[in-house]
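Next comes start-v5.tsv, a file with TSV, C-alpha atoms.
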chain	number	residue	atom	x	y	z
A	1	MET	CA	8.97	2.80	16.26
A	2	GLY	CA	5.31	3.46	15.54
A	3	LYS	CA	2.70	1.09	14.16
A	4	TYR	CA	2.93	2.47	10.63
A	5	ASP	CA	6.73	2.51	10.69
A	6	LYS	CA	6.69	-1.22	11.46
A	7	ILE	CA	4.32	-1.97	8.58
A	8	LEU	CA	6.38	0.21	6.23
A	9	ALA	CA	9.58	-1.55	7.29
A	10	LYS	CA	7.93	-4.94	6.77
A	11	ILE	CA	6.88	-3.95	3.24
A	12	LEU	CA	10.25	-2.44	2.36
A	13	THR	CA	12.21	-5.53	3.41
A	14	GLY	CA	10.27	-7.64	0.92
A	15	LEU	CA	10.66	-10.78	3.03
A	16	SER	CA	6.97	-11.40	3.72
A	17	ASP	CA	4.94	-9.99	0.82
A	18	LYS	CA	2.31	-12.72	1.08
A	19	ASP	CA	1.87	-12.12	4.83
A	20	ILE	CA	0.90	-8.44	4.73
A	21	SER	CA	-2.60	-7.83	6.04
A	22	PHE	CA	-4.93	-6.12	3.55
A	23	LEU	CA	-6.18	-3.80	6.27
A	24	GLU	CA	-2.59	-2.92	7.29
A	25	ILE	CA	-1.56	-1.93	3.78
A	26	CYS	CA	-4.73	0.13	3.26
A	27	ASN	CA	-4.19	1.94	6.57
A	28	LEU	CA	-0.54	2.55	5.70
A	29	LEU	CA	-1.45	4.12	2.35
A	30	GLU	CA	-3.99	6.38	4.07
A	31	TYR	CA	-1.32	7.32	6.63
A	32	LEU	CA	1.00	8.21	3.71
A	33	ASP	CA	-1.70	10.65	2.47
A	34	PHE	CA	-3.07	8.58	-0.39
A	35	ASN	CA	-6.72	9.09	-1.27
A	36	GLU	CA	-8.92	6.00	-1.50
A	37	ARG	CA	-11.79	5.16	-3.81
A	38	ILE	CA	-13.64	1.86	-3.42
A	39	LYS	CA	-15.46	0.08	-6.23
A	40	GLY	CA	-16.64	-3.39	-5.25
A	41	ASP	CA	-13.65	-5.14	-3.71
A	42	HIS	CA	-11.19	-2.88	-5.54
A	43	HIS	CA	-9.54	-0.28	-3.32
A	44	ILE	CA	-7.94	2.32	-5.57
A	45	PHE	CA	-5.34	4.63	-4.04
A	46	TYR	CA	-3.98	7.76	-5.65
A	47	LYS	CA	-1.95	10.76	-4.58
A	48	GLU	CA	-1.15	14.08	-6.18
A	49	GLY	CA	2.34	14.07	-7.64
A	50	ILE	CA	2.36	10.31	-8.17
A	51	ARG	CA	1.56	9.09	-11.66
A	52	GLU	CA	0.73	5.51	-10.76
A	53	ILE	CA	-2.48	4.43	-9.11
A	54	ILE	CA	-2.55	1.52	-6.70
A	55	ASN	CA	-5.37	-0.97	-7.16
A	56	LEU	CA	-5.64	-3.44	-4.29
A	57	GLN	CA	-7.97	-6.38	-3.78
A	58	PRO	CA	-7.95	-8.64	-0.73
A	59	LYS	CA	-6.98	-12.29	-0.90
A	60	LYS	CA	-8.86	-13.55	2.13
A	61	SER	CA	-7.52	-11.23	4.86
A	62	ASN	CA	-4.15	-10.51	3.20
A	63	ALA	CA	-3.03	-8.31	0.34
A	64	LYS	CA	-1.89	-10.03	-2.83
A	65	ALA	CA	1.91	-10.43	-2.94
A	66	TYR	CA	2.33	-8.82	-6.37
A	67	GLN	CA	0.35	-5.79	-5.20
A	68	VAL	CA	2.58	-5.45	-2.13
A	69	LYS	CA	5.56	-5.39	-4.55
A	70	GLN	CA	3.85	-2.64	-6.56
A	71	VAL	CA	3.29	-0.59	-3.40
A	72	ARG	CA	6.95	-1.10	-2.41
A	73	SER	CA	8.21	0.02	-5.82
A	74	ILE	CA	6.10	3.21	-5.68
A	75	ILE	CA	7.25	3.99	-2.13
A	76	VAL	CA	10.88	3.54	-3.16
A	77	LYS	CA	10.55	5.35	-6.53
A	78	TYR	CA	8.95	8.46	-4.99
A	79	LYS	CA	10.84	8.20	-1.67
A	80	ILE	CA	7.60	8.34	0.29
A	81	LYS	CA	7.99	8.49	4.05
A	82	GLY	CA	5.64	8.78	6.98
A	83	GLU	CA	5.49	11.85	9.19

structure tokens encoding of this file:
Amino acid sequence: MGKYDKILAKILTGLSDKDISFLEICNLLEYLDFNERIKGDHHIFYKEGIREIINLQPKKSNAKAYQVKQVRSIIVKYKIKGE
């Protein structure tokens, strides 16, 4: 199981939303072919074919739990998978 598969599995289980590293979730979204735009501390991810945009801000070194839930719901809704 690769590095990104482990992060994806951790997000999909939903057991540790507050313990997901901000850098890990950003790298995962880039791995899943999302484009990133940065404005201040807002990291905005978007992808063709996906209506929602993902707006992430760090909480210290972790992602905010509600934003991890949003990422999970988009991954599940659109059945996004890694390579």

Can you tell me, as an MDAnalysis selection string, what residues are no more than 12 Å from Tyr31 of chain A when counting all atoms listed in the file, ignoring any on the same chain fewer than 2 positions away?
chainID A and resid 2:5 7:8 24:29 33:36 45 47 80:83

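We find atom CA of Leu32 of chain A and atom CA of Leu12 of chain A to be spaced 14.2 Å apart.
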
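The space separating atom CA of Asn62 of chain A from atom CA of Phe22 of chain A comes to 4.5 Å.
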
Tell me, in Å to one decimal, how far atom CA of His42 of chain A is from atom CA of Leu15 of chain A.
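So the answer is 24.8 Å.
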
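Closest approach to Arg37 of chain A among A:Lys10, A:Asn55, A:Asp17, A:Lys79 is made by A:Asn55 (distances from all atoms listed in the file).
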
Can you work out which one of A:Val76, A:Ile20, A:Ile50, A:Leu56 has the shortest atom-to-atom distance to Ile38 of chain A, counting all atoms listed in the file?
A:Leu56

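Counting only C-alpha atoms, the residue from A:Ser21, A:Lys6, A:Glu52, A:Ile44 that sits nearest to Tyr78 of chain A is A:Glu52.
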
Judged by only C-alpha atoms, the minimum distance to Lys77 of chain A among A:Gly40, A:Ser16, A:Ala9, A:Arg51 is found for A:Arg51

With distances taken over only C-alpha atoms, which residue among A:Lys18, A:Tyr46, A:Lys39, A:Ile54 lies nearest Val71 of chain A?
A:Ile54
